[in-house]
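Undergrad: Next comes the structure file data-v2.cif, holding mmCIF, C-alpha atoms.
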```cif
data_coords
loop_
_atom_site.label_atom_id
_atom_site.label_comp_id
_atom_site.auth_asym_id
_atom_site.auth_seq_id
_atom_site.Cartn_x
_atom_site.Cartn_y
_atom_site.Cartn_z
CA MET A 13 47.02 -95.29 125.88
CA ARG A 14 48.67 -95.86 129.24
CA LEU A 15 48.78 -98.14 132.25
CA ILE A 16 49.88 -96.66 135.57
CA GLN A 17 51.44 -98.64 138.40
CA THR A 18 52.28 -97.13 141.79
CA ARG A 19 55.03 -98.75 143.85
CA ALA A 20 55.37 -98.77 147.60
CA THR A 21 58.61 -96.81 147.28
CA HIS A 22 56.57 -93.84 145.98
CA SER A 23 58.39 -94.02 142.66
CA ARG A 24 55.59 -93.79 140.11
CA VAL A 25 55.71 -95.82 136.92
CA VAL A 26 53.81 -94.97 133.74
CA HIS A 27 53.56 -97.42 130.85
CA LEU A 28 52.79 -95.73 127.54
CA PHE A 29 51.76 -97.81 124.51
CA LEU A 30 51.81 -95.80 121.29
CA THR A 31 49.50 -96.99 118.51
CA HIS A 32 51.40 -95.12 115.79
CA ALA A 33 53.30 -91.92 115.14
CA HIS A 34 50.81 -89.69 113.35
CA TRP A 35 50.89 -86.16 114.67
CA ASP A 36 47.44 -86.21 116.29
CA HIS A 37 48.54 -89.17 118.43
CA ILE A 38 51.89 -87.91 119.72
CA GLN A 39 51.60 -84.12 119.84
CA GLY A 40 50.46 -84.20 123.47
CA PHE A 41 53.60 -85.96 124.71
CA PRO A 42 55.75 -82.79 125.08
CA PHE A 43 53.08 -81.48 127.48
CA PHE A 44 52.75 -84.69 129.54
CA ALA A 45 53.41 -83.40 133.06
CA PRO A 46 54.78 -86.66 134.60
CA ALA A 47 57.57 -86.64 132.01
CA PHE A 48 59.05 -83.60 133.76
CA LEU A 49 58.95 -85.05 137.29
CA PRO A 50 62.07 -86.89 138.55
CA ASP A 51 60.10 -89.39 140.65
CA PHE A 52 58.42 -90.83 137.54
CA GLN A 53 59.58 -93.70 135.36
CA LEU A 54 58.18 -93.72 131.80
CA ASN A 55 58.21 -97.05 129.96
CA ILE A 56 57.27 -96.38 126.34
CA SER A 57 56.38 -99.24 123.98
CA CYS A 58 55.70 -99.01 120.25
CA THR A 59 56.12 -101.05 117.08
CA LYS A 60 58.13 -98.11 115.72
CA ASP A 61 61.26 -96.35 117.01
CA ALA A 62 59.45 -94.20 119.58
CA LYS A 63 62.61 -92.62 120.97
CA SER A 64 63.67 -91.28 117.59
CA ILE A 65 60.14 -90.14 116.76
CA LEU A 66 59.65 -88.25 120.03
CA GLU A 67 63.12 -86.75 119.85
CA ARG A 68 62.47 -85.39 116.36
CA GLN A 69 59.13 -83.79 117.22
CA MET A 70 60.75 -81.99 120.17
CA GLN A 71 63.66 -80.54 118.19
CA THR A 72 63.90 -76.84 117.45
CA PRO A 73 62.14 -74.98 115.95
CA PHE A 74 59.15 -77.20 116.75
CA PHE A 75 59.50 -77.22 120.55
CA PRO A 76 61.75 -75.39 123.03
CA VAL A 77 62.36 -78.40 125.33
CA SER A 78 64.21 -81.49 124.13
CA LEU A 79 63.39 -85.06 125.14
CA GLU A 80 66.64 -85.23 127.13
CA MET A 81 65.56 -82.25 129.24
CA MET A 82 62.64 -84.19 130.68
CA ALA A 83 63.39 -85.12 134.29
CA ALA A 84 61.59 -88.47 134.40
CA ARG A 85 63.55 -91.64 133.79
CA ARG A 86 62.68 -93.16 130.42
CA SER A 87 62.92 -96.54 128.75
CA PHE A 88 61.88 -97.46 125.21
CA ARG A 89 60.74 -100.87 124.00
CA LEU A 90 60.43 -101.76 120.33
CA LEU A 91 57.55 -104.21 120.05
CA HIS A 92 57.87 -107.15 117.69
CA ALA A 93 55.19 -109.48 116.41
CA ALA A 94 53.89 -111.85 119.11
CA ASP A 95 55.55 -109.90 121.94
CA VAL A 96 53.58 -109.98 125.19
CA VAL A 97 54.33 -107.31 127.78
CA ALA A 98 53.76 -108.22 131.43
CA ILE A 99 53.02 -105.42 133.90
CA ALA A 100 52.34 -106.70 137.40
CA GLU A 101 49.20 -108.86 136.92
CA ALA A 102 48.37 -107.40 133.50
CA THR A 103 49.44 -108.64 130.08
CA VAL A 104 49.43 -106.55 126.92
CA ARG A 105 49.23 -108.07 123.45
CA HIS A 106 49.15 -106.31 120.09
CA ILE A 107 48.53 -106.74 116.36
CA PRO A 108 49.03 -104.44 113.36
CA LEU A 109 46.07 -102.53 111.92
CA PRO A 110 45.44 -101.33 108.35
CA HIS A 111 46.11 -97.58 108.39
CA PRO A 112 48.51 -95.31 106.46
CA GLN A 113 52.00 -96.24 107.80
CA GLU A 114 50.20 -98.87 109.95
CA SER A 115 48.63 -98.56 113.38
CA THR A 116 48.53 -101.00 116.32
CA ALA A 117 45.71 -102.53 118.34
CA PHE A 118 46.34 -103.44 121.97
CA ARG A 119 44.59 -105.87 124.30
CA VAL A 120 45.06 -105.61 128.06
CA ASP A 121 44.07 -108.55 130.29
CA GLU A 122 44.15 -108.37 134.07
CA ARG A 123 42.42 -110.43 136.76
CA GLY A 124 39.91 -111.90 134.33
CA LYS A 125 38.98 -108.57 132.76
CA SER A 126 39.98 -107.28 129.35
CA ILE A 127 39.89 -104.23 127.09
CA VAL A 128 40.87 -103.89 123.44
CA PHE A 129 41.88 -100.54 121.96
CA ALA A 130 41.67 -100.55 118.14
CA THR A 131 42.20 -97.21 116.42
CA ASP A 132 43.11 -95.96 113.83
CA THR A 133 41.96 -98.74 111.51
CA GLU A 134 40.09 -99.27 108.25
CA HIS A 135 37.87 -102.23 107.44
CA ALA A 136 38.02 -104.38 104.33
CA PRO A 137 35.09 -104.00 101.90
CA ASP A 138 34.01 -107.64 101.98
CA HIS A 139 35.10 -109.20 105.29
CA ILE A 140 35.95 -108.35 108.88
CA ASN A 141 39.50 -108.22 110.20
CA GLU A 142 39.84 -111.78 111.48
CA SER A 143 43.04 -111.01 113.39
CA LEU A 144 41.33 -108.16 115.22
CA ALA A 145 38.25 -110.27 115.89
CA GLU A 146 40.47 -112.91 117.47
CA LEU A 147 42.32 -110.32 119.55
CA ALA A 148 38.99 -108.96 120.78
CA ARG A 149 37.41 -112.37 121.41
CA ASP A 150 35.14 -112.22 124.53
CA ALA A 151 36.67 -108.91 125.65
CA ASP A 152 34.81 -106.89 128.26
CA VAL A 153 35.29 -103.71 126.24
CA LEU A 154 36.19 -103.06 122.61
CA VAL A 155 37.15 -99.47 121.75
CA TYR A 156 36.92 -99.19 117.97
CA ASP A 157 37.47 -96.58 115.28
CA ALA A 158 34.02 -95.41 114.13
CA GLN A 159 34.92 -92.12 112.51
CA TYR A 160 32.49 -92.19 109.61
CA THR A 161 28.94 -93.16 108.81
CA SER A 162 28.59 -95.74 106.06
CA GLU A 163 27.37 -93.00 103.72
CA GLU A 164 30.39 -90.80 104.44
CA TYR A 165 32.77 -93.68 103.96
CA SER A 166 31.25 -94.60 100.61
CA ALA A 167 31.34 -90.98 99.45
CA GLY A 168 35.12 -90.77 99.17
CA LYS A 169 36.70 -91.78 102.49
CA GLN A 170 38.03 -95.16 101.36
CA GLY A 171 41.75 -95.44 101.95
CA TRP A 172 41.82 -92.75 104.63
CA GLY A 173 42.48 -95.35 107.34
CA HIS A 174 39.26 -95.13 109.35
CA SER A 175 36.10 -97.19 109.78
CA THR A 176 32.38 -96.88 110.57
CA PHE A 177 30.02 -97.71 113.41
CA ALA A 178 28.34 -100.34 111.19
CA GLU A 179 31.65 -102.18 110.85
CA ALA A 180 32.24 -101.75 114.59
CA VAL A 181 28.97 -103.58 115.26
CA LYS A 182 29.91 -106.41 112.88
CA LEU A 183 33.25 -106.86 114.61
CA ALA A 184 31.73 -106.71 118.11
CA ARG A 185 29.17 -109.38 117.19
CA THR A 186 31.80 -111.67 115.71
CA ALA A 187 34.15 -111.27 118.68
CA LYS A 188 31.27 -111.46 121.19
CA VAL A 189 32.51 -108.49 123.19
CA LYS A 190 30.47 -107.37 126.18
CA GLN A 191 30.55 -103.64 125.43
CA LEU A 192 31.38 -101.66 122.29
CA VAL A 193 32.78 -98.14 122.59
CA LEU A 194 32.74 -95.98 119.45
CA TYR A 195 35.89 -93.90 119.16
CA SER A 196 37.88 -91.59 116.86
CA HIS A 197 34.93 -89.29 116.17
CA ASP A 198 35.05 -87.18 113.04
CA PRO A 199 35.86 -83.54 113.93
CA GLY A 200 32.99 -82.50 111.67
CA HIS A 201 30.41 -84.38 113.75
CA ASP A 202 28.70 -82.27 116.42
CA ASP A 203 27.15 -83.67 119.61
CA GLU A 204 23.77 -84.15 117.95
CA MET A 205 25.33 -86.20 115.18
CA LEU A 206 27.26 -88.32 117.66
CA ARG A 207 24.10 -89.00 119.63
CA LYS A 208 22.39 -90.19 116.42
CA ILE A 209 25.32 -92.47 115.61
CA GLU A 210 25.30 -93.83 119.16
CA ALA A 211 21.56 -94.52 119.01
CA ALA A 212 21.86 -96.25 115.63
CA ALA A 213 24.65 -98.47 116.95
CA GLN A 214 22.73 -99.22 120.15
CA ALA A 215 19.76 -100.39 118.07
CA GLN A 216 22.04 -103.00 116.50
CA TYR A 217 24.27 -103.79 119.48
CA PRO A 218 22.73 -102.94 122.88
CA GLY A 219 25.08 -101.37 125.41
CA THR A 220 27.16 -99.58 122.80
CA VAL A 221 28.32 -96.11 123.84
CA ALA A 222 30.07 -93.27 122.05
CA ALA A 223 33.29 -92.25 123.79
CA ARG A 224 33.10 -88.93 125.65
CA ASP A 225 35.64 -86.66 127.30
CA GLY A 226 36.32 -87.90 130.83
CA MET A 227 34.50 -91.20 130.32
CA ARG A 228 35.38 -93.96 132.77
CA ILE A 229 34.34 -97.60 132.41
CA LYS A 230 34.62 -99.86 135.45
CA LEU A 231 35.43 -103.46 134.62
#
```
What do you get writing this file as structure tokens?
TA:
Amino acid sequence: MRLIQTRATHSRVVHLFLTHAHWDHIQGFPFFAPAFLPDFQLNISCTKDAKSILERQMQTPFFPVSLEMMAARRSFRLLHAADVVAIAEATVRHIPLPHPQESTAFRVDERGKSIVFATDTEHAPDHINESLAELARDADVLVYDAQYTSEEYSAGKQGWGHSTFAEAVKLARTAKVKQLVLYSHDPGHDDEMLRKIEAAAQAQYPGTVAARDGMRIKL
């Protein structure tokens, strides 16, 4: 997840907020083109030691270019509970999420608009995540982990750190979000399956959409 701010001096600033350090969430960083450009500033925030994590994944023999060889200027911020990050007119808040080694949900508010990004996360069997519901309260958009169907989850996916579209709908209703976006699709689900999941969620929560490559949502 990132926020980009362009300054009048033509020095470009990128704010990266890392949800967690699992491989599928950080493996793209060594190929992030702005990190190699000297006129970029990268501000990286995470509840874990992001500098150490990114350095280790770029060590030999895993990658031929080290973190220190990247030309962009870099800063690292270790996020603590209740920290609020201000970026121009935007504020970014976060809470921990239940996931192996823990993930992080982020809420961005700017000029009366808001978006909550909540993946990877698993739901409790008997109640919604009240902390997440509060973070997402009245948000314009909630992006939520909906990797499994309820049947798939019940058939052996408990404890894997992911949720379902049915739980996404429950959370969206409780938090009264304006639009629900289903995210973290299972790699085994083809387009037809995703369309069925989207339609089933829409029947319960109108306006719900399944995330797609290149999707843009105007707030």
Undergrad: So, counting all atoms listed in the file, which residue among A:Ala62, A:Ala45, A:Ala33, A:Ala148 is closest to Glu114 of chain A?
TA: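 Looking only at the distances to Glu114 of chain A, the closest residue turns out to be A:Ala33.
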Undergrad: Would you kindly translate the PyMOL selection byres ((chain A and resi 184-199) around 9) into the concrete residues it picks from this file, as a ChimeraX atom specification?
TA: /A:130-132,140,144-160,174,176-177,179-183,200-202,206,210,213,217-224
Undergrad: Looking at only C-alpha atoms, which of A:Pro76, A:Leu109, A:Ala100, A:Ala136 is the one that sits closest to Asp121 of chain A?
TA: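 Closest candidate: A:Ala100.
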Undergrad: Could you work out how far atom CA of His27 of chain A lies from atom CA of Arg85 of chain A, giving the answer in Å with one decimal?
TA: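 A separation of 11.9 Å between them.
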Undergrad: My list of candidates is A:Gln113, A:Ser143, A:Thr59, A:Gln214. Which is closest to Trp172 of chain A when distances are computed with only C-alpha atoms?
TA: A:Gln113
